[in-house]
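Trainee: Here it is, the structure, as structure tokens.
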Amino acid sequence: KGVFTLPKEAALAVSQGDTVYWDASAKAVTKTVGTNTIIGVAWDAALPADGTVNVKIG
């Protein structure tokens, strides 16, 4: 547990507190549920141009 900086999907906007998932095939954070695994919540907002997002795991 803790806050980690992880890669995110290109062009994805994330708001602080959003539930986020791990897309294993893209090796990136996403907000799409589908078959992706929930990993935690966005600690900070991330703009579409940002390559990473801070995620509180757990």
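Chain labels follow the order of the structure tokens: the first chain is A, the next B, and so on; residue numbering restarts at 1 in every chain, and ligands are counted from 1 in their shown order.
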Report as a PDB file with N, CA and C atoms, in the first residue's frame all protein, DNA and RNA residues lying within 9 Å of A:Ile39, evaluated on only C-alpha atoms, omitting residues in the same chain fewer than 6 positions from it.

Mentor:
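Result file result_36.pdb:
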```
ATOM      1  N   THR A  19     -11.642   6.198  -9.224  1.00  0.00           N
ATOM      2  CA  THR A  19     -11.241   4.803  -9.125  1.00  0.00           C
ATOM      3  C   THR A  19     -10.496   4.456 -10.404  1.00  0.00           C
ATOM      4  N   VAL A  20      -9.339   3.811 -10.256  1.00  0.00           N
ATOM      5  CA  VAL A  20      -8.538   3.468 -11.431  1.00  0.00           C
ATOM      6  C   VAL A  20      -8.231   1.973 -11.457  1.00  0.00           C
ATOM      7  N   TYR A  21      -7.948   1.501 -12.654  1.00  0.00           N
ATOM      8  CA  TYR A  21      -7.743   0.079 -12.925  1.00  0.00           C
ATOM      9  C   TYR A  21      -6.425  -0.111 -13.655  1.00  0.00           C
ATOM     10  N   TRP A  22      -5.892  -1.333 -13.610  1.00  0.00           N
ATOM     11  CA  TRP A  22      -4.665  -1.648 -14.330  1.00  0.00           C
ATOM     12  C   TRP A  22      -5.014  -2.443 -15.572  1.00  0.00           C
ATOM     13  N   VAL A  29      -2.458   2.566 -16.417  1.00  0.00           N
ATOM     14  CA  VAL A  29      -3.653   2.871 -15.636  1.00  0.00           C
ATOM     15  C   VAL A  29      -4.763   3.294 -16.594  1.00  0.00           C
ATOM     16  N   VAL A  55      -1.173   7.144  -7.903  1.00  0.00           N
ATOM     17  CA  VAL A  55      -2.269   6.267  -7.495  1.00  0.00           C
ATOM     18  C   VAL A  55      -2.029   5.769  -6.081  1.00  0.00           C
ATOM     19  N   LYS A  56      -3.070   5.893  -5.229  1.00  0.00           N
ATOM     20  CA  LYS A  56      -3.020   5.284  -3.896  1.00  0.00           C
ATOM     21  C   LYS A  56      -3.508   3.856  -4.074  1.00  0.00           C
ATOM     22  N   ILE A  57      -2.596   2.921  -3.860  1.00  0.00           N
ATOM     23  CA  ILE A  57      -2.888   1.500  -4.057  1.00  0.00           C
ATOM     24  C   ILE A  57      -3.695   0.966  -2.879  1.00  0.00           C
ATOM     25  N   GLY A  58      -4.670   0.116  -3.194  1.00  0.00           N
ATOM     26  CA  GLY A  58      -5.398  -0.571  -2.143  1.00  0.00           C
ATOM     27  C   GLY A  58      -6.811  -0.134  -1.986  1.00  0.00           C
TER      28      GLY A  58
END
```

Trainee: Under the rule that only C-alpha atoms are counted, which of A:Asn54, A:Phe4, A:Leu47, A:Thr35 is the nearest residue to A:Gly17?

Mentor: A:Asn54

Trainee: Could you work out how far atom CA of A:Pro48 lies from atom CA of A:Lys1, giving the answer in Å with one decimal?

Mentor: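 Separation between atom CA of A:Lys1 and atom CA of A:Pro48: 25.6 Å.
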
Trainee: Please compute the atom CA of A:Lys8-atom CA of A:Val33 distance, one decimal, in Å.

Mentor: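 One can read the atom CA of A:Lys8 to atom CA of A:Val33 distance as 14.2 Å.
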